[in-house]
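Asker: Input structure: final35.csv, which contains CSV, C-alpha atoms and all ligand atoms.
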```
chain,number,residue,atom,x,y,z
A,1,MET,CA,-10.3,-112.7,58.1
A,2,LYS,CA,-10.6,-109.4,56.1
A,3,GLU,CA,-13.2,-108.5,53.5
A,4,ILE,CA,-12.0,-106.3,50.6
A,5,VAL,CA,-14.7,-104.9,48.3
A,6,VAL,CA,-13.8,-103.4,44.9
A,7,ILE,CA,-16.3,-101.0,43.5
A,8,SER,CA,-16.6,-98.3,40.8
A,9,GLY,CA,-18.9,-95.5,40.0
A,10,LYS,CA,-19.9,-97.2,36.7
A,11,GLY,CA,-19.2,-100.4,34.8
A,12,GLY,CA,-16.1,-100.8,32.6
A,13,THR,CA,-13.5,-99.1,34.8
A,14,GLY,CA,-11.3,-102.2,35.1
A,15,LYS,CA,-12.8,-103.3,38.5
A,16,THR,CA,-13.2,-107.0,37.5
A,17,SER,CA,-9.7,-107.1,36.0
A,18,LEU,CA,-8.3,-105.9,39.3
A,19,VAL,CA,-10.3,-108.4,41.3
A,20,ALA,CA,-9.1,-111.3,39.0
A,21,SER,CA,-5.5,-110.2,39.6
A,22,PHE,CA,-6.1,-110.0,43.3
A,23,ALA,CA,-7.5,-113.6,43.1
A,24,ALA,CA,-4.1,-114.7,41.6
A,25,LEU,CA,-2.0,-112.7,44.1
A,26,ALA,CA,-3.8,-113.3,47.4
A,27,GLU,CA,-3.2,-116.4,49.5
A,28,LYS,CA,-6.0,-118.2,51.3
A,29,LYS,CA,-9.1,-116.4,49.9
A,30,VAL,CA,-12.6,-116.8,48.7
A,31,LEU,CA,-13.9,-114.8,45.8
A,32,ALA,CA,-17.4,-113.3,45.6
A,33,ASP,CA,-18.9,-111.8,42.5
A,34,CYS,CA,-21.5,-109.3,43.8
A,35,ASP,CA,-21.9,-107.5,40.5
A,36,VAL,CA,-25.0,-109.7,40.0
A,37,ASP,CA,-26.6,-107.5,37.4
A,38,ALA,CA,-23.7,-107.9,35.0
A,39,ALA,CA,-21.6,-110.7,36.5
A,40,ASP,CA,-18.4,-111.3,34.5
A,41,LEU,CA,-15.7,-112.5,37.0
A,42,HIS,CA,-16.6,-116.1,35.9
A,43,LEU,CA,-15.5,-115.2,32.4
A,44,VAL,CA,-11.9,-114.8,33.6
A,45,LEU,CA,-11.8,-117.4,36.4
A,46,ASN,CA,-13.6,-120.2,34.7
A,47,PRO,CA,-15.4,-121.6,37.7
A,48,LYS,CA,-16.5,-125.2,38.0
A,49,ILE,CA,-20.0,-125.1,39.6
A,50,ASN,CA,-20.3,-127.5,42.6
A,51,TYR,CA,-23.6,-126.2,44.1
A,52,ARG,CA,-26.4,-124.2,42.7
A,53,GLU,CA,-29.6,-122.8,44.3
A,54,ASP,CA,-32.6,-120.8,43.0
A,55,PHE,CA,-32.9,-117.2,44.1
A,56,SER,CA,-36.3,-115.7,44.8
A,57,GLY,CA,-36.4,-111.9,45.1
A,58,GLY,CA,-40.1,-111.7,45.8
A,59,LYS,CA,-43.6,-113.0,44.8
A,60,LYS,CA,-45.6,-112.8,41.6
A,61,ALA,CA,-49.3,-112.9,41.2
A,62,LYS,CA,-50.9,-115.5,38.9
A,63,ILE,CA,-54.6,-115.9,38.0
A,64,ILE,CA,-56.3,-119.2,38.7
A,65,THR,CA,-58.5,-119.1,35.6
A,66,GLU,CA,-61.0,-121.8,36.8
A,67,GLU,CA,-61.8,-119.8,39.9
A,68,CYS,CA,-62.1,-116.3,38.2
A,69,ILE,CA,-65.6,-114.8,38.0
A,70,GLU,CA,-64.4,-112.0,35.6
A,71,CYS,CA,-65.2,-109.1,37.9
A,72,GLY,CA,-62.3,-107.0,36.7
A,73,GLU,CA,-61.4,-105.8,40.3
A,74,CYS,CA,-57.7,-106.9,40.0
A,75,GLU,CA,-57.1,-104.9,36.8
A,76,GLU,CA,-58.6,-101.8,38.4
A,77,VAL,CA,-56.3,-101.9,41.4
A,78,CYS,CA,-53.0,-102.9,39.7
A,79,ARG,CA,-50.9,-99.8,39.6
A,80,PHE,CA,-48.4,-101.5,37.2
A,81,ASP,CA,-50.8,-102.4,34.4
A,82,SER,CA,-49.8,-106.0,34.7
A,83,MET,CA,-53.2,-107.5,33.6
A,84,TYR,CA,-54.0,-108.4,30.0
A,85,TYR,CA,-56.8,-110.4,28.4
A,86,PRO,CA,-55.4,-113.1,26.2
A,87,ASP,CA,-58.8,-114.6,25.2
A,88,PRO,CA,-61.2,-112.2,23.4
A,89,GLU,CA,-64.1,-114.6,24.2
A,90,ASN,CA,-64.0,-113.8,28.0
A,91,GLU,CA,-62.8,-111.3,30.6
A,92,ILE,CA,-60.4,-113.6,32.5
A,93,PRO,CA,-57.2,-111.7,32.9
A,94,CYS,CA,-53.6,-112.9,32.9
A,95,VAL,CA,-50.7,-111.4,34.8
A,96,ASN,CA,-47.6,-110.3,32.7
A,97,PRO,CA,-44.8,-111.4,35.1
A,98,ILE,CA,-42.4,-108.8,33.7
A,99,PHE,CA,-44.7,-106.0,34.8
A,100,CYS,CA,-45.9,-107.5,38.1
A,101,GLU,CA,-44.1,-105.9,41.0
A,102,GLY,CA,-45.4,-108.4,43.5
A,103,CYS,CA,-47.3,-105.8,45.6
A,104,GLY,CA,-50.1,-108.3,46.4
A,105,VAL,CA,-52.9,-105.8,46.1
A,106,CYS,CA,-54.8,-107.8,43.5
A,107,VAL,CA,-54.7,-110.8,45.8
A,108,ARG,CA,-56.3,-108.9,48.5
A,109,VAL,CA,-59.2,-107.5,46.4
A,110,CYS,CA,-60.1,-110.6,44.5
A,111,PRO,CA,-63.5,-111.6,45.9
A,112,VAL,CA,-63.1,-115.4,45.2
A,113,GLU,CA,-59.4,-116.0,45.9
A,114,ALA,CA,-58.6,-116.6,42.3
A,115,ILE,CA,-55.1,-115.2,42.4
A,116,SER,CA,-52.1,-117.2,43.7
A,117,PHE,CA,-49.1,-115.4,45.1
A,118,ASP,CA,-46.0,-117.6,45.2
A,119,ASP,CA,-42.3,-117.0,45.3
A,120,ALA,CA,-40.9,-116.2,41.9
A,121,VAL,CA,-37.6,-117.6,40.8
A,122,ASN,CA,-35.5,-114.6,39.6
A,123,GLY,CA,-32.1,-116.2,39.3
A,124,GLU,CA,-29.6,-118.6,40.7
A,125,TRP,CA,-26.5,-118.5,42.9
A,126,TYR,CA,-23.5,-120.8,42.8
A,127,VAL,CA,-20.6,-122.1,44.9
A,128,SER,CA,-17.8,-123.0,42.5
A,129,SER,CA,-14.1,-123.9,42.5
A,130,THR,CA,-11.6,-122.1,40.5
A,131,SER,CA,-7.8,-122.4,40.1
A,132,HIS,CA,-7.6,-119.6,42.6
A,133,GLY,CA,-9.9,-121.1,45.3
A,134,PRO,CA,-13.6,-121.1,46.0
A,135,MET,CA,-15.9,-118.6,44.4
A,136,VAL,CA,-19.5,-117.6,45.1
A,137,HIS,CA,-21.4,-116.0,42.2
A,138,ALA,CA,-24.9,-115.5,40.8
A,139,ARG,CA,-27.0,-114.9,37.8
A,140,LEU,CA,-30.0,-112.6,38.0
A,141,GLY,CA,-32.7,-113.1,35.3
A,142,MET,CA,-33.3,-110.4,32.8
A,143,ALA,CA,-35.4,-107.4,34.0
A,144,GLU,CA,-35.5,-109.0,37.5
A,145,GLY,CA,-35.2,-106.8,40.6
A,146,ASN,CA,-34.1,-107.1,44.2
A,147,SER,CA,-30.4,-107.7,43.3
A,148,GLY,CA,-29.5,-106.3,46.8
A,149,LYS,CA,-31.0,-109.4,48.4
A,150,LEU,CA,-29.0,-111.6,46.0
A,151,VAL,CA,-25.8,-109.7,46.7
A,152,THR,CA,-26.3,-110.3,50.4
A,153,ILE,CA,-26.8,-114.0,49.8
A,154,VAL,CA,-23.5,-114.2,47.8
A,155,ARG,CA,-21.6,-112.2,50.5
A,156,ASN,CA,-23.0,-114.3,53.4
A,157,LYS,CA,-22.1,-117.5,51.6
A,158,ALA,CA,-18.6,-116.3,50.9
A,159,ARG,CA,-18.2,-115.4,54.6
A,160,GLU,CA,-19.4,-118.8,55.7
A,161,ILE,CA,-16.8,-120.5,53.4
A,162,ALA,CA,-14.1,-118.2,54.7
A,163,GLU,CA,-14.9,-119.0,58.3
A,164,LYS,CA,-15.2,-122.8,57.7
A,165,GLU,CA,-12.0,-123.0,55.7
A,166,ASN,CA,-10.1,-120.5,57.9
A,167,LEU,CA,-9.3,-118.2,55.0
A,168,ASP,CA,-7.6,-114.9,55.3
A,169,TYR,CA,-9.5,-112.8,52.7
A,170,ILE,CA,-12.9,-112.4,51.1
A,171,ILE,CA,-12.3,-110.6,47.8
A,172,VAL,CA,-15.5,-109.1,46.5
A,173,ASP,CA,-16.2,-107.8,43.0
A,174,GLY,CA,-18.8,-105.2,44.1
A,175,SER,CA,-21.7,-103.7,42.2
A,176,PRO,CA,-21.1,-100.4,40.3
A,177,GLY,CA,-23.0,-97.2,41.1
A,178,ILE,CA,-24.5,-96.1,44.4
A,179,GLY,CA,-27.8,-97.9,44.5
A,180,CYS,CA,-29.2,-100.7,46.6
A,181,PRO,CA,-26.9,-103.5,45.2
A,182,VAL,CA,-23.7,-101.5,46.0
A,183,ILE,CA,-24.9,-100.7,49.5
A,184,ALA,CA,-25.5,-104.5,49.9
A,185,SER,CA,-22.0,-105.1,48.6
A,186,ILE,CA,-20.1,-102.8,50.9
A,187,ALA,CA,-22.0,-102.7,54.3
A,188,GLY,CA,-19.7,-104.0,57.0
A,189,ALA,CA,-16.7,-104.5,54.8
A,190,ASP,CA,-13.1,-104.0,56.1
A,191,LEU,CA,-12.0,-102.0,53.1
A,192,VAL,CA,-13.5,-100.6,50.0
A,193,ILE,CA,-11.4,-99.9,46.9
A,194,VAL,CA,-13.0,-97.4,44.5
A,195,VAL,CA,-11.6,-98.0,41.0
A,196,THR,CA,-11.9,-95.0,38.7
A,197,GLU,CA,-10.5,-93.6,35.5
A,198,PRO,CA,-8.9,-90.2,35.0
A,199,THR,CA,-12.0,-88.4,33.5
A,200,LEU,CA,-14.3,-85.7,34.9
A,201,SER,CA,-17.1,-88.3,35.2
A,202,GLY,CA,-14.6,-90.6,36.9
A,203,GLN,CA,-14.0,-87.9,39.5
A,204,HIS,CA,-17.7,-87.3,39.9
A,205,ASP,CA,-18.3,-91.0,40.4
A,206,LEU,CA,-15.5,-91.3,42.9
A,207,LEU,CA,-16.9,-88.5,45.0
A,208,ARG,CA,-20.4,-90.0,45.0
A,209,ALA,CA,-18.9,-93.4,46.0
A,210,ALA,CA,-16.8,-91.7,48.7
A,211,GLU,CA,-20.0,-90.0,50.2
A,212,LEU,CA,-21.6,-93.4,50.3
A,213,THR,CA,-18.7,-95.2,52.1
A,214,ALA,CA,-18.3,-92.3,54.5
A,215,HIS,CA,-22.0,-92.5,55.3
A,216,PHE,CA,-21.5,-96.2,56.3
A,217,ARG,CA,-18.1,-95.4,57.9
A,218,ILE,CA,-16.2,-97.9,55.8
A,219,PRO,CA,-12.5,-97.4,55.4
A,220,THR,CA,-12.0,-96.4,51.7
A,221,VAL,CA,-9.1,-96.1,49.3
A,222,ILE,CA,-8.9,-95.3,45.6
A,223,CYS,CA,-7.1,-96.7,42.6
A,224,ILE,CA,-6.9,-94.9,39.3
A,225,ASN,CA,-6.9,-97.1,36.3
A,226,LYS,CA,-5.3,-95.9,33.0
A,227,TRP,CA,-4.0,-92.9,34.9
A,228,ASP,CA,-1.5,-92.0,32.2
A,229,LEU,CA,-4.3,-91.3,29.7
A,230,ASN,CA,-4.8,-88.0,31.6
A,231,PRO,CA,-2.2,-87.4,34.3
A,232,ASP,CA,-3.6,-84.0,35.3
A,233,ILE,CA,-7.1,-85.3,36.1
A,234,ALA,CA,-5.5,-88.3,37.8
A,235,GLU,CA,-3.7,-85.8,40.1
A,236,GLN,CA,-6.9,-83.8,40.6
A,237,ILE,CA,-8.8,-86.9,41.6
A,238,GLU,CA,-6.1,-88.0,44.1
A,239,THR,CA,-6.1,-84.5,45.6
A,240,ALA,CA,-9.9,-84.5,45.9
A,241,ALA,CA,-9.8,-87.9,47.5
A,242,LYS,CA,-7.1,-86.8,50.0
A,243,GLU,CA,-9.1,-83.8,51.0
A,244,ARG,CA,-11.8,-86.3,52.1
A,245,GLY,CA,-9.3,-88.4,54.0
A,246,ILE,CA,-9.2,-91.1,51.3
A,247,LYS,CA,-5.7,-92.5,50.4
A,248,ASP,CA,-4.8,-94.1,47.1
A,249,VAL,CA,-3.4,-97.6,46.8
A,250,GLY,CA,-1.6,-96.9,43.6
A,251,ARG,CA,-2.1,-96.2,39.9
A,252,ILE,CA,-2.4,-98.6,37.0
A,253,ARG,CA,-1.1,-97.6,33.6
A,254,TYR,CA,-3.0,-98.1,30.4
A,255,ASP,CA,-1.8,-101.2,28.7
A,256,THR,CA,-3.5,-103.3,26.0
A,257,ALA,CA,-2.3,-106.4,28.0
A,258,ILE,CA,-5.4,-105.8,30.2
A,259,THR,CA,-7.8,-106.4,27.2
A,260,LYS,CA,-5.6,-109.2,25.9
A,261,ALA,CA,-5.7,-111.0,29.3
A,262,GLN,CA,-9.5,-110.7,29.3
A,263,ILE,CA,-9.6,-112.3,25.8
A,264,MET,CA,-7.3,-115.1,27.0
A,265,LYS,CA,-9.6,-115.6,30.0
A,266,THR,CA,-6.8,-115.0,32.5
A,267,SER,CA,-5.8,-112.3,35.0
A,268,VAL,CA,-3.4,-109.5,34.0
A,269,VAL,CA,-0.7,-110.6,36.5
A,270,GLU,CA,-0.7,-114.1,35.0
A,271,TYR,CA,-0.8,-112.9,31.4
A,272,THR,CA,2.1,-110.6,31.6
A,273,GLY,CA,5.1,-109.8,33.8
A,274,GLY,CA,5.3,-106.3,32.3
A,275,ALA,CA,5.0,-102.9,34.0
A,276,VAL,CA,1.2,-103.0,34.2
A,277,SER,CA,1.5,-106.2,36.1
A,278,GLU,CA,4.0,-104.6,38.5
A,279,ASP,CA,1.5,-101.7,39.0
A,280,ILE,CA,-1.2,-104.2,40.1
A,281,LYS,CA,1.1,-106.1,42.4
A,282,GLN,CA,1.9,-102.7,44.1
A,283,VAL,CA,-1.8,-102.0,44.4
A,284,TRP,CA,-2.3,-105.3,46.1
A,285,ARG,CA,0.7,-104.7,48.5
A,286,ASN,CA,-0.7,-101.3,49.4
A,287,THR,CA,-4.2,-102.8,49.9
A,288,ILE,CA,-2.8,-105.2,52.4
A,289,TYR,CA,-1.0,-102.4,54.1
A,290,ALA,CA,-4.2,-100.3,54.2
A,291,LEU,CA,-6.1,-103.2,55.8
A,292,GLY,CA,-3.7,-102.9,58.8
A,301,LIG,S1,-49.2,-108.3,42.7
A,301,LIG,FE1,-49.4,-106.0,42.4
A,301,LIG,S2,-48.2,-105.6,40.5
A,301,LIG,FE2,-48.6,-107.8,40.6
A,301,LIG,S3,-50.4,-108.1,39.3
A,301,LIG,FE3,-51.1,-107.9,41.5
A,301,LIG,S4,-51.5,-105.7,41.8
A,301,LIG,FE4,-50.4,-105.9,39.9
A,302,LIG,S1,-60.3,-110.0,40.9
A,302,LIG,FE1,-60.3,-112.2,40.9
A,302,LIG,S2,-62.3,-112.8,40.1
A,302,LIG,FE2,-62.0,-110.7,39.6
A,302,LIG,S3,-61.2,-110.7,37.5
A,302,LIG,FE3,-59.5,-110.6,38.9
A,302,LIG,S4,-58.9,-112.8,39.2
A,302,LIG,FE4,-60.9,-112.8,38.3
```
For the structure just supplied, provide its representation as structure tokens.
Answerer:
Amino acid sequence: MKEIVVISGKGGTGKTSLVASFAALAEKKVLADCDVDAADLHLVLNPKINYREDFSGGKKAKIITEECIECGECEEVCRFDSMYYPDPENEIPCVNPIFCEGCGVCVRVCPVEAISFDDAVNGEWYVSSTSHGPMVHARLGMAEGNSGKLVTIVRNKAREIAEKENLDYIIVDGSPGIGCPVIASIAGADLVIVVTEPTLSGQHDLLRAAELTAHFRIPTVICINKWDLNPDIAEQIETAAKERGIKDVGRIRYDTAITKAQIMKTSVVEYTGGAVSEDIKQVWRNTIYALG
């Protein structure tokens, strides 16, 4: 079983469109949407949820008003200004859950144990079925953190399904950027595909992503989307990648069929048999080859 993770330096490079087409092209696979901060693979693959579970990324403080003696200690120590006073008649604080970072300091200083500190529900994760096989995905609540932990849950569950069902591939829609969620998306993968566009910022993003995958010693390839919008920069990016030992798995031309496929909630290779579809099929063949 091989795990392929598709990432990009930023959102909107065509990463999810490529993953959706891989989903249609690959045999015996499980899909994992690890872009939990902006999950959108489900918009194309239309999953039917079979199992759901709450996700807790940490704890939150909550004042037990009946126990509070209004000493003000908790407000003094909270570095995140989470306390506010809803009732002008007394000095009993409340915790704003959006500001609370779950550090637990207020719980320690409260002289009368008037602050509870329980697991907060920050989102949900799901195991679903799609017309292209099983899919694990998640939803993180607004302004909620610890998405790296949720990414790890999604990947682990996908691996468990792949092992149980004896599947050949885990195809992961990874998080964009170079932060904690993307590290959680790629660590231990068999191959990372960095999708980029032919722009100077695309080149910059690619090099940052390449540094990250090199640090974790993960085999990496690139794919330039909409390469024909700027062939010179596309060439420049491929040369820069080559100098770092990164091969390309092909180029994908600009085609409005990509957007139309999204609107029709289907993958590009199912939407059209045109040249852009052939580009993507070639990228998939080269990806299999790169996996060895
Ligand atoms: S747990 Fe930390 S961040 Fe949250 S209210 Fe208490 S001191 Fe503030
Ligand atoms: S530290 Fe405890 S007792 Fe003091 S104001 Fe805060 S919750 Fe109330």
Asker: Restrict the calculation to only C-alpha atoms, then for each residue of range 11-67 of chain A with any atom at most 12 Å from an atom of range 198-218 of chain A give the closest atom pair and their distance in Å to one decimal, rows by chain and rising residue number, as a Markdown table.
Answerer:
```
| residue | atom | partner | partner_atom | distance |
| --- | --- | --- | --- | --- |
| A:Gly11 | CA | A:Asp205 | CA | 11.0 |
| A:Gly12 | CA | A:Gly202 | CA | 11.2 |
| A:Thr13 | CA | A:Gly202 | CA | 8.8 |
```
Asker: Could the residues that lie within 9 Å of ligand LIG 302 (chain A), counting only C-alpha atoms and all ligand atoms, be listed as a list of chain:residue names?
Answerer: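 Sorted by chain and then by number, the residues are A:Lys62, A:Ile63, A:Ile64, A:Thr65, A:Glu67, A:Cys68, A:Ile69, A:Glu70, A:Cys71, A:Gly72, A:Glu73, A:Cys74, A:Glu75, A:Glu76, A:Met83, A:Glu91, A:Ile92, A:Pro93, A:Cys94, A:Cys106, A:Val107, A:Arg108, A:Val109, A:Cys110, A:Pro111, A:Val112, A:Glu113, A:Ala114, A:Ile115.
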Asker: Rounded to one decimal, what separation in Å do you get between CA of Tyr126 in chain A and CA of Tyr271 in chain A?
Answerer: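 So the two atoms, CA of Tyr126 in chain A and CA of Tyr271 in chain A, lie 26.6 Å apart.
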Asker: Compare A:Ala275, A:Gly14, A:Lys48, A:Lys29 by their minimum atom-to-atom distance to Glu163 in chain A, counting all atoms listed in the file, and give me the closest one.
Answerer: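 Checking each candidate against Glu163 in chain A, we get A:Lys29 as the closest.
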Asker: Taking all atoms listed in the file into account, name the residue in A:Cys103, A:Tyr289, A:Gly58, A:Lys10 that is nearest to ligand LIG 301 (chain A).
Answerer: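 Result for the nearest residue to ligand LIG 301 (chain A): A:Cys103.
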Asker: Quick one: contact table of chain A to ligand LIG 301 (chain A), 6 Å max, nearest atom pair and distance in Å to one decimal per residue, counting all atoms listed in the file, chain and number order, as JSON lines?
Answerer:
```
{"residue": "A:Lys60", "atom": "CA", "partner": "A:LIG301", "partner_atom": "S1", "distance": 5.9}
{"residue": "A:Ala61", "atom": "CA", "partner": "A:LIG301", "partner_atom": "S1", "distance": 4.8}
{"residue": "A:Cys78", "atom": "CA", "partner": "A:LIG301", "partner_atom": "S4", "distance": 3.8}
{"residue": "A:Phe80", "atom": "CA", "partner": "A:LIG301", "partner_atom": "S2", "distance": 5.3}
{"residue": "A:Ser82", "atom": "CA", "partner": "A:LIG301", "partner_atom": "S3", "distance": 5.1}
{"residue": "A:Val95", "atom": "CA", "partner": "A:LIG301", "partner_atom": "S3", "distance": 5.6}
{"residue": "A:Cys100", "atom": "CA", "partner": "A:LIG301", "partner_atom": "FE2", "distance": 3.7}
{"residue": "A:Glu101", "atom": "CA", "partner": "A:LIG301", "partner_atom": "S2", "distance": 4.1}
{"residue": "A:Gly102", "atom": "CA", "partner": "A:LIG301", "partner_atom": "S1", "distance": 3.9}
{"residue": "A:Cys103", "atom": "CA", "partner": "A:LIG301", "partner_atom": "FE1", "distance": 3.8}
{"residue": "A:Gly104", "atom": "CA", "partner": "A:LIG301", "partner_atom": "S1", "distance": 3.8}
{"residue": "A:Val105", "atom": "CA", "partner": "A:LIG301", "partner_atom": "S4", "distance": 4.5}
{"residue": "A:Cys106", "atom": "CA", "partner": "A:LIG301", "partner_atom": "FE3", "distance": 4.2}
```
Asker: What does the file look like for those residues with C-alpha atoms, as a compact mmCIF listing (two decimals), in the coordinates of the input?
Answerer:
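File written: result_22.txt
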```
# COMPACT_ATOMS: atom_id res chain seq x y z
CA LYS A 60 -45.60 -112.80 41.60
CA ALA A 61 -49.30 -112.90 41.20
CA CYS A 78 -53.00 -102.90 39.70
CA PHE A 80 -48.40 -101.50 37.20
CA SER A 82 -49.80 -106.00 34.70
CA VAL A 95 -50.70 -111.40 34.80
CA CYS A 100 -45.90 -107.50 38.10
CA GLU A 101 -44.10 -105.90 41.00
CA GLY A 102 -45.40 -108.40 43.50
CA CYS A 103 -47.30 -105.80 45.60
CA GLY A 104 -50.10 -108.30 46.40
CA VAL A 105 -52.90 -105.80 46.10
CA CYS A 106 -54.80 -107.80 43.50
```
Asker: Calculated over only C-alpha atoms, which of the candidates A:Lys260, A:Lys157, A:Arg285, A:Lys149 has the smallest distance to Val127 in chain A?
Answerer: A:Lys157
Asker: Could you please determine the separation between CA of Ala234 in chain A and CA of Gly273 in chain A in Å, to one decimal place?
Answerer: 24.3 Å
Asker: Taking (-23.7, -97.6, 41.4) as a centre in this file's frame and 8 Å as the limit, can you find every polymer residue with an atom that close, using only C-alpha atoms, and give them as a list in words?
Answerer: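 Every polymer residue passing the test: Ser8, Gly9, Lys10, Ser175, Pro176, Gly177, Ile178, Gly179, Pro181, Val182 and Ala209 of chain A.
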Asker: Just give me the gap between CA of Val283 in chain A and CA of Gly133 in chain A in Å, one decimal is fine.
Answerer: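 CA of Val283 in chain A sits 20.8 Å away from CA of Gly133 in chain A.
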Asker: Identify which of the residues A:Glu89, A:Glu270, A:Asp248, A:Asp54 lies closest to Thr287 in chain A, counting only C-alpha atoms when measuring atom-to-atom distances.
Answerer: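 Smallest separation from Thr287 in chain A among the options: A:Asp248.
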Asker: Which residue is closest to Leu191 in chain A? Choose from A:Val269, A:Val249, A:Val151, A:Ala162 and count all atoms listed in the file.
Answerer: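 Between A:Val269, A:Val249, A:Val151, A:Ala162, the residue approaching Leu191 in chain A most closely is A:Val249.
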Asker: Taking 6 positions as the minimum chain separation for residues in the same chain, which residues sit within 10 Å of Asp255 in chain A when counting only C-alpha atoms? Answer as an MDAnalysis selection string.
Answerer: chainID A and resid 226 228 268 274:277
Asker: Applying 9 Å and all atoms listed in the file, which residues near Arg155 in chain A remain after dropping the ones on its own chain fewer than 6 positions away? List them as a PDB file with C-alpha atoms, in the coordinates of the input.
Answerer:
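Ended up saving to result30.pdb:
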```pdb
ATOM      1  CA  ALA A  32     -17.400-113.300  45.600  1.00  0.00           C
ATOM      2  CA  ASP A  33     -18.900-111.800  42.500  1.00  0.00           C
ATOM      3  CA  CYS A  34     -21.500-109.300  43.800  1.00  0.00           C
ATOM      4  CA  VAL A 136     -19.500-117.600  45.100  1.00  0.00           C
ATOM      5  CA  ILE A 170     -12.900-112.400  51.100  1.00  0.00           C
ATOM      6  CA  VAL A 172     -15.500-109.100  46.500  1.00  0.00           C
ATOM      7  CA  ALA A 184     -25.500-104.500  49.900  1.00  0.00           C
ATOM      8  CA  SER A 185     -22.000-105.100  48.600  1.00  0.00           C
TER       9      SER A 185
END
```
Asker: Excluding same-chain residues fewer than 5 positions from Met264 in chain A, what lies within 12 Å of it counting all atoms listed in the file, as a PyMOL selection string?
Answerer: chain A and resi 43-46+257-259+270-272
Asker: Rank A:Ala39, A:Val30, A:Ile280, A:Cys223 by their smallest atom-to-atom distance to Gly174 in chain A, using only C-alpha atoms, and report the top residue only.
Answerer: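 Checking each of A:Ala39, A:Val30, A:Ile280, A:Cys223 against Gly174 in chain A, counting only C-alpha atoms, the winner is A:Ala39.
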Asker: Quick one: residues within 10 Å of Gly245 in chain A, all atoms listed in the file counted, chain neighbours fewer than 5 positions away excluded, as an MDAnalysis selection string?
Answerer: chainID A and resid 210 214 219:221 239:240
Asker: May I have the residues within 12 Å of Asn166 in chain A as a ChimeraX atom specification, using only C-alpha atoms and disregarding those fewer than 5 positions away in the same chain?
Answerer: /A:1-2,27-30,158-161
Asker: As a CSV table (one decimal), in the coordinates of the input, could you write out range 86-97 of chain A once it has been completed with N, CA and C atoms?
Answerer:
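Below is the file out20.csv, written as the result:
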```
chain,number,residue,atom,x,y,z
A,86,PRO,N,-55.9,-112.4,27.3
A,86,PRO,CA,-55.4,-113.1,26.2
A,86,PRO,C,-56.6,-113.7,25.3
A,87,ASP,N,-57.7,-113.9,25.9
A,87,ASP,CA,-58.8,-114.6,25.2
A,87,ASP,C,-60.0,-113.6,24.9
A,88,PRO,N,-60.2,-113.2,23.7
A,88,PRO,CA,-61.2,-112.2,23.4
A,88,PRO,C,-62.7,-112.7,23.7
A,89,GLU,N,-62.8,-114.0,24.0
A,89,GLU,CA,-64.1,-114.6,24.2
A,89,GLU,C,-64.6,-114.4,25.7
A,90,ASN,N,-63.6,-114.0,26.6
A,90,ASN,CA,-64.0,-113.8,28.0
A,90,ASN,C,-63.2,-112.7,28.6
A,91,GLU,N,-63.5,-112.4,29.9
A,91,GLU,CA,-62.8,-111.3,30.6
A,91,GLU,C,-61.9,-111.9,31.7
A,92,ILE,N,-61.4,-113.1,31.5
A,92,ILE,CA,-60.4,-113.6,32.5
A,92,ILE,C,-59.0,-113.1,32.2
A,93,PRO,N,-58.5,-112.3,33.2
A,93,PRO,CA,-57.2,-111.7,32.9
A,93,PRO,C,-56.0,-112.7,33.1
A,94,CYS,N,-54.9,-112.2,32.7
A,94,CYS,CA,-53.6,-112.9,32.9
A,94,CYS,C,-52.6,-111.9,33.5
A,95,VAL,N,-51.6,-112.3,34.2
A,95,VAL,CA,-50.7,-111.4,34.8
A,95,VAL,C,-49.4,-111.5,33.9
A,96,ASN,N,-48.9,-110.3,33.4
A,96,ASN,CA,-47.6,-110.3,32.7
A,96,ASN,C,-46.5,-110.3,33.8
A,97,PRO,N,-45.8,-111.3,34.0
A,97,PRO,CA,-44.8,-111.4,35.1
A,97,PRO,C,-43.7,-110.4,35.0
```
